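Student: One structure coming up, written as structure tokens, with questions to follow.
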Amino acid sequence: MNRALLFIPLAVFFAMGVLFWIGIGKENKDVLPSPLIGKPFPEFAAQALESGTGVSADSLLGQPMLVNVWATWCPTCKAEHAFLNTLAEQGIRIIGINYKDDDFKAKQWLTAYGNPYEFNVSDPEGKLGLDLGVYGAPETFLVDGDGIIRAKHVGDLNPRVWEKLKPQFDAMQ
Amino acid sequence: MKSLLLLSWLLFSGAALAVVEGHKYPFDNQHDTERFNQLAEDLRCPKCQNQNLADSNAPVARDMRDKVYELMQQGKSDDEVVGYMVDRYGDFVRYKPPMRLETFLLWFGPLILFALGLVLLIAVRPKSTQRQTATGSEPLTADEQAKLERLKAAAKPSSEESQKS
Amino acid sequence: MNLQAIAPEFGQLALILALVLAAFQSIVPLVGVRARREWLMAYARPLATGQAVFLLVSLAALTYSFLVDDFSVAYVAANSNTALPTPYKVSAVWGAHEGSLLLWVAMLGCWGLAVAWFSSSLPLTMVARVLSIMGMISVGFILFTLETSNPFERILPSAPAEGADLNPLLQDFGLIVHPPTLYMGYVGLSVAFAFALAALMGGRLDAAWARWSRPWTVAAWIFLTLGIALGSWWAYYELGWGGWWFWDPVENASLMPWLVATALIHSLAVTEKRGLFKSWTVLLAIFAFSLSLLGTFLVRSGVLTSVHAFASDPERGVFILALLGICVGGSLLLYALKAPTVASVGRYDWVSRESALLANNLVLMVAALAVLLGTLYPLVIDFLGMGKISVGAAWFNTMFVPLSVLLSLLIGMGAISRWKSDRIERIRKELMAVFIASLLLGFATPIIKASEMNWQVVMGMTVGIWVIAASLWDMWKKARGQLSRVPKLGLSYLGMIIAHIGVGISVIGVTMVANYSLEKSVRMAPGESAEFGGYRFEFVEAGHIEGPNYTSEATRFNVYDGDRLIDVMTPEKRRYTARGTVMTEAEIDVTLLRDVYVSMGEPLENGAWGMRLQVKPFMRWVWLGSLFMSLGGLLAMLDKRYRRKQTVAKTANQQPGAMKEQTV
């Protein structure tokens, strides 16, 4: 038997070792890639939180935007809220989805902490959230003016994350 | 091929366990209850640490279970229900991995390994006509042969294990 | 002198001393072998003994800190509580990463101690090499513990007044027995590993080496079998859902070394008996321990997601990966360089015991590799940027079940086959009747049980009954029909028969449970009854219980079989005060033929509860099988040929170059 064959287990192990080495360094292993990238924003019919008027996917069209999924029961959402306010001040269009929440509490919350949203979609049963593949607030989608989802970020928005997302957002203009 | 795989899957999946809060999801026949339980077992909670929809208490798992129930009431098939979830959450939520080019090695790997192993076993069988020397040493010298005979003789009383494994 | 204050310091010091001794143990005996100085080689035993003693002292010190509620020790503060019942304070020692690692190295030390004390029949060079290698592994792991996972780190000067409590999921008998047993198995495979490397180093790979290795391998295998069974049993009653195997990465991490160790035991049989497959057996020994180490890596590095995983940390991950690299990479390199390439003398027919055992190895290896493939594939896909997939029970069962069926078929035939040369007609003649009987019973089972055909059940039952029947048939024939002759058949043979019967029992258990479990989720209020699975469940009352470190909502159920009250069950829903976690405590009525499993789901309005009722036929058989397997292994291990002092070996030792080929 060829001695070279005996090196096969070692070679296989080496390949596995490389795999693990890559794996250890990886951040955000629990983040799921979204299958909605490149697809149009899902159809929905709901009420706007602030005004109570009906809104649908058409209400989103026109300008590129961030669609931010949040709730009052979500502590991380509170943490990112200040940053959302600064983004809104820079003129960035942010639409909110109030996910599995209470309308009254949500309105109170926005009054207390500021409202960076052009408007909020009220999603008390999480139906829109399910269609968007939401599994934990906060989550933010980058959607272009034609209503196509271009990117998704799971977790809070902060300056460090925005550094990576901003180029993608600008490209949508 | 697909039906063969489906057959093997059906052949090797057992009866499904009931789901958390199962009483919330009544069906009017046992077959549908089992379908529901099986779907809940085959779908993964996107947020939990490796739990299926049947065992998880997470809010998103509950929402997904409710949706599965709703879809089943609408008459959707198993494939359609799973497809619905995959469209929104990705392949991650299926415990049965999809059959695609990148998962070819996954589905056929064991079979390929088995075949390779079989080939290897046949190839390395000692041939009856060849005479090969044993591990790393030359044939015995006369002296060594004599020593071997002495050792064998000394060991004889203890070697009565002809049928032992 | 305040013992409480300095015990952790003692513990850490003992660990450091153990490291020093392990370092000497790695080097000195090998130097002795190289320089042919017996007095240097002789240091191996005392060094191993000393190392084990210090490791046990270290473990004792940590245990002491738990028992006296010393929350100045960070690990104790994170995993204990003054209200924690005492037995759990002890088991909390290995309840999280740092402590369990200390347990791991302590057990490695103990196995080294055992090798040192029970190796009188081995040549000194072998002992020196084996203990040296084990010493190296110790050095790696003790260093890892001290550097990244020190259980003795202290929170001074302001120690917390109260601890964070042990994870409620772990406050259970299962934690007391499952990890220590499992670790004994994982770590025990290092002995077979060390023997294999020693044989490679010494250039002496023969039947004698196989005979020395075998009892140690079987011992580790027994612990691993029991450890896995305990884990499954624990998950079953603790988690509250009635599941007993999830193909979770951490579970797979224990199954893989077990499969390879099983293959190893069988391969060693061939090497011991006929001097064949030497190179392969050595490789298997390396694989088995490598998979143990891989398991350790997977569970503690955070590379895989699992409910079982310890807290993950990239720094630790890198260290273990380095350990893995050195141990596994080094041993595989040694193998590639020094394993024999020339095949052994000795032929065997297509139909022979050797062939059957080769087939056994093939099936077990493919099974182990399949589990590895399924566990790691999501990682590969993810790291190659091809998205995220999940591989779960559906896939694993599809691969594993046919292999198990094949293996079971082989057991019946292989165990009666003859060495070197056999004839298929002889085997067929011997076993045809048994096979047909098994087939008939297999077909009968689904008809009798459920009045409808179920091919899975036919297959599983046929094969399970076949294994048991073929084994018993062979034993009966060998004993020539006389019960009194059975004990005389030899421990090794009886061990094999009992272990194989264990496999059959487990297969039957799994087949029945997987196909005929009944469950029902039902809303019940006090006073209501539910009919299910042939039993009537009467909800007598609900109440509130104050436990030592929890409060609980309990319910009482009377369970009737017809008019006969068979059990009063009190499942609970507990809320543990310190961490606020809620645990489902299920109640199980156990008989040999079925489990009745009652657990509480969610509270509903008006004092009602969503109850989960289950009837699981033959559930106990799943674990009973592993008890039989372990017993079989124990008997085989105790066979007197392993305990005989080898004077022949000693004289042979002094003549390097003499060939030793067993023909028995």
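Scheme for the structure tokens: letters A, B, ... for chains in order shown; per-chain residue numbers from 1; ligand numbers from 1 in order shown.
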From a backbone DSSP assignment, name each residue in range 35-130 of chain B labelled alpha helix (DSSP H), as a ChimeraX atom specification.
Tutor: /B:35-42,59-73,78-89,104-123
Student: Next, write the just-selected residues to a file, as an mmCIF file, in the first residue's frame, keeping C-alpha atoms as the atom set.
Tutor:
data_model
loop_
_atom_site.group_PDB
_atom_site.id
_atom_site.type_symbol
_atom_site.label_atom_id
_atom_site.label_comp_id
_atom_site.auth_asym_id
_atom_site.auth_seq_id
_atom_site.Cartn_x
_atom_site.Cartn_y
_atom_site.Cartn_z
ATOM 1 C CA ARG B 35 -49.531 16.028 9.949
ATOM 2 C CA PHE B 36 -49.521 19.114 12.127
ATOM 3 C CA ASN B 37 -47.320 17.489 14.752
ATOM 4 C CA GLN B 38 -44.910 16.282 12.106
ATOM 5 C CA LEU B 39 -44.695 19.715 10.486
ATOM 6 C CA ALA B 40 -44.050 21.286 13.867
ATOM 7 C CA GLU B 41 -41.250 18.819 14.426
ATOM 8 C CA ASP B 42 -39.691 19.382 11.021
ATOM 9 C CA PRO B 59 -43.125 33.989 20.736
ATOM 10 C CA VAL B 60 -41.962 33.633 17.149
ATOM 11 C CA ALA B 61 -42.376 29.840 17.410
ATOM 12 C CA ARG B 62 -45.901 30.360 18.663
ATOM 13 C CA ASP B 63 -46.654 32.679 15.748
ATOM 14 C CA MET B 64 -45.284 30.157 13.314
ATOM 15 C CA ARG B 65 -47.331 27.341 14.829
ATOM 16 C CA ASP B 66 -50.459 29.476 14.572
ATOM 17 C CA LYS B 67 -49.617 30.132 10.933
ATOM 18 C CA VAL B 68 -49.043 26.450 10.183
ATOM 19 C CA TYR B 69 -52.442 25.694 11.690
ATOM 20 C CA GLU B 70 -54.054 28.464 9.676
ATOM 21 C CA LEU B 71 -52.457 27.256 6.450
ATOM 22 C CA MET B 72 -53.551 23.699 7.102
ATOM 23 C CA GLN B 73 -57.111 24.856 7.702
ATOM 24 C CA ASP B 78 -47.163 19.935 3.666
ATOM 25 C CA ASP B 79 -44.875 21.169 0.916
ATOM 26 C CA GLU B 80 -46.794 24.416 0.656
ATOM 27 C CA VAL B 81 -46.650 25.035 4.392
ATOM 28 C CA VAL B 82 -42.918 24.403 4.535
ATOM 29 C CA GLY B 83 -42.430 26.498 1.401
ATOM 30 C CA TYR B 84 -44.318 29.367 3.018
ATOM 31 C CA MET B 85 -41.950 29.403 5.985
ATOM 32 C CA VAL B 86 -38.847 28.963 3.843
ATOM 33 C CA ASP B 87 -39.893 31.918 1.662
ATOM 34 C CA ARG B 88 -39.864 34.121 4.709
ATOM 35 C CA TYR B 89 -37.129 32.709 6.942
ATOM 36 C CA PHE B 104 -25.658 16.890 -2.889
ATOM 37 C CA LEU B 105 -22.684 15.755 -0.827
ATOM 38 C CA LEU B 106 -24.807 15.859 2.281
ATOM 39 C CA TRP B 107 -27.519 13.602 0.936
ATOM 40 C CA PHE B 108 -25.281 11.223 -0.951
ATOM 41 C CA GLY B 109 -22.120 11.437 1.108
ATOM 42 C CA PRO B 110 -22.866 8.464 3.347
ATOM 43 C CA LEU B 111 -23.771 6.295 0.365
ATOM 44 C CA ILE B 112 -20.612 7.335 -1.448
ATOM 45 C CA LEU B 113 -18.541 6.671 1.662
ATOM 46 C CA PHE B 114 -20.118 3.252 1.996
ATOM 47 C CA ALA B 115 -19.311 2.402 -1.600
ATOM 48 C CA LEU B 116 -15.759 3.694 -1.221
ATOM 49 C CA GLY B 117 -15.327 1.680 1.924
ATOM 50 C CA LEU B 118 -16.554 -1.455 0.217
ATOM 51 C CA VAL B 119 -14.115 -0.935 -2.647
ATOM 52 C CA LEU B 120 -11.308 -0.376 -0.172
ATOM 53 C CA LEU B 121 -12.132 -3.541 1.739
ATOM 54 C CA ILE B 122 -12.087 -5.613 -1.410
ATOM 55 C CA ALA B 123 -8.887 -4.014 -2.625
#
Student: Near range 587-601 of chain C, within 8 Å and counting only C-alpha atoms, which residues show up once chain neighbours fewer than 6 positions away are dropped, as a PyMOL selection string?
Tutor: (chain B and resi 20-21) or (chain C and resi 237+240-242+567+569-573+609-621)
Student: Would you write out, as CSV, a table of all residues in chain A that have an atom no more than 7 Å from an atom of chain C, listing for each the closest atom pair and the distance in Å to one decimal, considering only C-alpha atoms and ordering rows by chain and rising residue number?
Tutor:
residue,atom,partner,partner_atom,distance
A:Met1,CA,C:Thr341,CA,5.4
A:Asn2,CA,C:Thr341,CA,6.9
A:Arg3,CA,C:Thr341,CA,6.3
A:Leu6,CA,C:Ala336,CA,4.8
A:Phe7,CA,C:Ala336,CA,5.2
A:Pro9,CA,C:Leu332,CA,6.8
A:Leu10,CA,C:Leu332,CA,5.4
A:Gly23,CA,C:Val303,CA,5.8
A:Ile24,CA,C:Pro314,CA,5.7
A:Gly25,CA,C:Pro314,CA,6.9
A:Leu32,CA,C:Lys388,CA,6.9
A:Pro33,CA,C:Gly387,CA,6.6
Student: Between A:Ile92, A:Val67, A:Ile22, A:Ala46, which has the minimum distance to Gly147 in chain A (counting only C-alpha atoms)?
Tutor: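 The closest residue to Gly147 in chain A is A:Val67.
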Student: Point out the residue among C:Glu354, C:Glu546, C:Glu147, C:Glu602 with the least atom-to-atom distance to chain B, counting only C-alpha atoms.
Tutor: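 Looking at the shortest contact to chain B, the residue is C:Glu602.
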Student: How many Å lie between CA of Thr82 in chain C and CA of Leu239 in chain C, rounded to one decimal?
Tutor: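 That distance, rounded to one decimal, is 24.9 Å.
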Student: Using only C-alpha atoms, which of A:Leu132, A:Leu110, A:Ile97, A:Ala79 sits nearest Asn158 in chain A?
Tutor: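 Checking each of A:Leu132, A:Leu110, A:Ile97, A:Ala79 against Asn158 in chain A, counting only C-alpha atoms, the winner is A:Ala79.
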Student: Just to confirm, what's the straight-line distance from CA of Met256 in chain C to CA of Leu284 in chain C in Å (one decimal)?
Tutor: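 The value is 12.0 Å.
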Student: Show me, as number ranges by chain, every residue of chain A with an atom at most 12 Å from chain B, counting only C-alpha atoms.
Tutor: A: 1-2, 5, 29-37, 39, 41-42, 99-100, 124-137, 154
Student: Near Gly504 in chain C, within 8 Å and counting only C-alpha atoms, which residues show up once chain neighbours fewer than 6 positions away are dropped, as a compact mmCIF listing (two decimals) with N, CA and C atoms, in the first residue's frame?
Tutor:
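Everything below was put into out-v5.txt:
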# COMPACT_ATOMS: atom_id res chain seq x y z
N SER C 408 -27.43 -4.75 12.54
CA SER C 408 -28.12 -5.78 13.32
C SER C 408 -28.15 -7.10 12.57
N VAL C 463 -35.36 -7.35 12.88
CA VAL C 463 -33.92 -7.24 13.09
C VAL C 463 -33.56 -7.29 14.57
N GLY C 464 -34.38 -6.63 15.41
CA GLY C 464 -34.12 -6.64 16.85
C GLY C 464 -34.29 -8.04 17.43
N ILE C 465 -35.38 -8.69 17.06
CA ILE C 465 -35.61 -10.05 17.56
C ILE C 465 -34.53 -10.99 17.02
N TRP C 466 -34.15 -10.79 15.78
CA TRP C 466 -33.11 -11.60 15.14
C TRP C 466 -31.81 -11.58 15.94
N VAL C 467 -31.39 -10.41 16.33
CA VAL C 467 -30.14 -10.29 17.09
C VAL C 467 -30.23 -11.09 18.39
N ILE C 468 -31.33 -10.91 19.10
CA ILE C 468 -31.48 -11.60 20.38
C ILE C 468 -31.59 -13.10 20.17
N GLY C 625 -31.30 -1.79 26.99
CA GLY C 625 -30.35 -2.34 26.04
C GLY C 625 -28.92 -1.88 26.35
Student: With distances taken over only C-alpha atoms, which residue among C:Asn515, C:Ser138, C:Ser213, C:Ser421 lies nearest chain B?
Tutor: C:Asn515
Student: Please provide the set of residues having any atom within 12 Å of Met134 in chain C, restricted to only C-alpha atoms, with same-chain residues fewer than 6 positions apart removed, written as a JSON list (two decimals) with C-alpha atoms, in the first residue's frame.
Tutor:
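Produced file selection.json, reproduced below:
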[["chain", "number", "residue", "atom", "x", "y", "z"],
["C", 21, "LEU", "CA", 4.35, 16.54, 37.33],
["C", 22, "ALA", "CA", 2.53, 16.02, 34.03],
["C", 23, "ALA", "CA", 5.28, 17.87, 32.24],
["C", 24, "PHE", "CA", 7.91, 15.61, 33.78],
["C", 25, "GLN", "CA", 5.72, 12.62, 33.04],
["C", 26, "SER", "CA", 5.70, 13.60, 29.38],
["C", 27, "ILE", "CA", 9.45, 13.90, 29.08],
["C", 29, "PRO", "CA", 10.04, 8.31, 30.62],
["C", 30, "LEU", "CA", 10.52, 9.00, 26.91],
["C", 44, "ALA", "CA", 6.47, 7.07, 34.74],
["C", 45, "ARG", "CA", 4.39, 5.29, 37.36],
["C", 47, "LEU", "CA", 4.76, 10.64, 38.30],
["C", 48, "ALA", "CA", 1.35, 9.50, 37.04],
["C", 51, "GLN", "CA", -0.31, 13.88, 39.12],
["C", 52, "ALA", "CA", -3.57, 12.07, 39.82],
["C", 105, "VAL", "CA", -8.45, 16.57, 33.69],
["C", 107, "MET", "CA", -10.36, 11.89, 35.30],
["C", 108, "LEU", "CA", -7.51, 11.88, 32.83],
["C", 109, "GLY", "CA", -5.21, 11.74, 35.83],
["C", 110, "CYS", "CA", -7.21, 8.85, 37.27],
["C", 111, "TRP", "CA", -7.01, 6.84, 34.08],
["C", 112, "GLY", "CA", -3.26, 7.43, 34.10],
["C", 113, "LEU", "CA", -3.18, 6.21, 37.68],
["C", 114, "ALA", "CA", -5.09, 3.11, 36.68],
["C", 115, "VAL", "CA", -2.68, 2.40, 33.83],
["C", 116, "ALA", "CA", 0.23, 2.88, 36.21],
["C", 127, "VAL", "CA", 4.32, 1.69, 30.06],
["C", 128, "ALA", "CA", 6.80, 4.52, 29.73],
["C", 140, "GLY", "CA", -2.31, 20.48, 27.30],
["C", 141, "PHE", "CA", -5.57, 20.35, 29.20],
["C", 187, "VAL", "CA", -11.17, 10.50, 28.70],
["C", 188, "GLY", "CA", -10.77, 6.73, 28.88],
["C", 189, "LEU", "CA", -10.36, 6.59, 25.12],
["C", 190, "SER", "CA", -7.09, 8.44, 25.65],
["C", 191, "VAL", "CA", -5.65, 5.18, 26.97],
["C", 192, "ALA", "CA", -6.34, 3.32, 23.73],
["C", 193, "PHE", "CA", -4.99, 6.38, 21.94],
["C", 194, "ALA", "CA", -1.80, 6.32, 23.99],
["C", 195, "PHE", "CA", -1.37, 2.60, 23.41],
["C", 196, "ALA", "CA", -1.74, 3.12, 19.69],
["C", 197, "LEU", "CA", 0.83, 5.89, 19.58],
["C", 198, "ALA", "CA", 3.18, 3.93, 21.81],
["C", 289, "PHE", "CA", -9.99, 9.79, 20.94],
["C", 327, "CYS", "CA", -3.07, 15.95, 19.51]]
Student: Pick from B:Leu53, B:Ala146, B:Ala18, B:Ala153: nearest to chain C, with only C-alpha atoms counted?
Tutor: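 Under the stated criterion, the closest residue is B:Ala18.
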Student: What is the distance between CA of Pro159 in chain A and CA of Lys26 in chain A, in Å to one decimal?
Tutor: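 For CA of Pro159 in chain A relative to CA of Lys26 in chain A, the distance reads 20.5 Å.
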Student: Return as number ranges by chain the full set of residues in range 6-163 of chain A whose backbone-based DSSP assignment is strand (DSSP E or B).
Tutor: A: 40, 45-48, 54-56, 65-70, 94-99, 120-123, 139-143, 148-154
Student: How would the residues just chosen look if you wrote them out with N, CA and C atoms as a CSV table (one decimal), in the first residue's frame?
Tutor:
chain,number,residue,atom,x,y,z
A,40,PRO,N,-39.8,42.2,-3.7
A,40,PRO,CA,-40.6,43.3,-3.3
A,40,PRO,C,-41.0,43.2,-1.9
A,45,ALA,N,-52.0,45.1,4.5
A,45,ALA,CA,-53.1,46.1,4.7
A,45,ALA,C,-53.2,46.4,6.2
A,46,ALA,N,-52.8,47.5,6.7
A,46,ALA,CA,-52.9,47.8,8.1
A,46,ALA,C,-53.2,49.2,8.4
A,47,GLN,N,-53.2,49.6,9.6
A,47,GLN,CA,-53.4,51.0,10.0
A,47,GLN,C,-52.1,51.6,10.4
A,48,ALA,N,-52.1,52.9,10.1
A,48,ALA,CA,-50.9,53.7,10.6
A,48,ALA,C,-51.1,53.9,12.0
A,54,GLY,N,-55.5,53.9,6.7
A,54,GLY,CA,-55.1,52.6,6.1
A,54,GLY,C,-53.7,52.8,5.4
A,55,VAL,N,-52.9,51.9,5.6
A,55,VAL,CA,-51.6,51.9,4.8
A,55,VAL,C,-51.4,50.5,4.2
A,56,SER,N,-50.6,50.5,3.1
A,56,SER,CA,-50.3,49.3,2.4
A,56,SER,C,-48.9,49.4,1.9
A,65,MET,N,-35.8,54.0,1.8
A,65,MET,CA,-36.0,54.2,3.2
A,65,MET,C,-35.5,53.0,4.1
A,66,LEU,N,-35.4,53.3,5.4
A,66,LEU,CA,-35.2,52.2,6.3
A,66,LEU,C,-36.5,51.8,6.9
A,67,VAL,N,-36.8,50.5,6.9
A,67,VAL,CA,-38.0,50.0,7.6
A,67,VAL,C,-37.6,49.4,8.9
A,68,ASN,N,-37.9,50.0,10.0
A,68,ASN,CA,-37.4,49.5,11.3
A,68,ASN,C,-38.5,48.8,12.1
A,69,VAL,N,-38.3,47.6,12.5
A,69,VAL,CA,-39.2,46.8,13.3
A,69,VAL,C,-38.9,47.0,14.7
A,70,TRP,N,-39.8,47.5,15.5
A,70,TRP,CA,-39.5,47.8,16.9
A,70,TRP,C,-40.7,47.5,17.8
A,94,ILE,N,-37.3,57.1,7.5
A,94,ILE,CA,-37.5,55.9,8.3
A,94,ILE,C,-39.0,55.6,8.5
A,95,ILE,N,-39.4,54.4,8.1
A,95,ILE,CA,-40.8,53.9,8.3
A,95,ILE,C,-40.7,52.9,9.5
A,96,GLY,N,-41.6,53.0,10.4
A,96,GLY,CA,-41.5,52.0,11.5
A,96,GLY,C,-42.6,50.9,11.4
A,97,ILE,N,-42.3,49.8,11.9
A,97,ILE,CA,-43.4,48.7,12.1
A,97,ILE,C,-43.4,48.4,13.6
A,98,ASN,N,-44.5,48.8,14.2
A,98,ASN,CA,-44.7,48.5,15.6
A,98,ASN,C,-45.2,47.1,15.8
A,99,TYR,N,-44.3,46.2,16.2
A,99,TYR,CA,-44.4,44.8,16.1
A,99,TYR,C,-45.0,44.2,17.4
A,120,ASN,N,-45.8,55.0,11.2
A,120,ASN,CA,-45.6,53.6,11.8
A,120,ASN,C,-46.7,52.7,11.3
A,121,VAL,N,-46.4,51.5,10.9
A,121,VAL,CA,-47.4,50.5,10.6
A,121,VAL,C,-47.7,49.8,11.9
A,122,SER,N,-49.0,49.7,12.2
A,122,SER,CA,-49.4,49.0,13.4
A,122,SER,C,-49.5,47.5,13.1
A,123,ASP,N,-48.7,46.7,13.8
A,123,ASP,CA,-48.8,45.2,13.5
A,123,ASP,C,-48.9,44.5,14.8
A,139,GLU,N,-35.2,44.9,14.1
A,139,GLU,CA,-34.6,44.5,12.8
A,139,GLU,C,-34.9,45.6,11.8
A,140,THR,N,-34.0,45.9,10.9
A,140,THR,CA,-34.1,47.0,10.0
A,140,THR,C,-33.9,46.5,8.6
A,141,PHE,N,-34.8,46.9,7.7
A,141,PHE,CA,-34.7,46.6,6.3
A,141,PHE,C,-34.3,47.9,5.5
A,142,LEU,N,-33.4,47.7,4.5
A,142,LEU,CA,-33.1,48.8,3.6
A,142,LEU,C,-34.0,48.5,2.3
A,143,VAL,N,-34.9,49.4,2.0
A,143,VAL,CA,-35.8,49.2,0.9
A,143,VAL,C,-35.7,50.4,0.0
A,148,ILE,N,-38.4,47.5,-3.4
A,148,ILE,CA,-37.6,46.2,-3.4
A,148,ILE,C,-36.7,46.2,-2.1
A,149,ILE,N,-36.7,45.1,-1.4
A,149,ILE,CA,-35.8,45.0,-0.2
A,149,ILE,C,-34.4,44.8,-0.7
A,150,ARG,N,-33.5,45.6,-0.2
A,150,ARG,CA,-32.1,45.5,-0.7
A,150,ARG,C,-31.2,44.9,0.4
A,151,ALA,N,-31.5,45.1,1.6
A,151,ALA,CA,-30.7,44.5,2.7
A,151,ALA,C,-31.5,44.4,4.0
A,152,LYS,N,-30.9,43.6,4.9
A,152,LYS,CA,-31.6,43.4,6.2
A,152,LYS,C,-30.5,43.4,7.3
A,153,HIS,N,-30.8,44.1,8.4
A,153,HIS,CA,-29.9,44.0,9.5
A,153,HIS,C,-30.7,43.6,10.7
A,154,VAL,N,-30.1,42.6,11.4
A,154,VAL,CA,-30.8,42.1,12.6
A,154,VAL,C,-30.0,42.7,13.8
Student: Rank C:Arg579, C:Lys420, C:Lys520, C:His544 by their smallest atom-to-atom distance to Thr33 in chain B, using only C-alpha atoms, and report the top residue only.
Tutor: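 Residue with the minimum atom-to-atom distance to Thr33 in chain B: C:Lys520.
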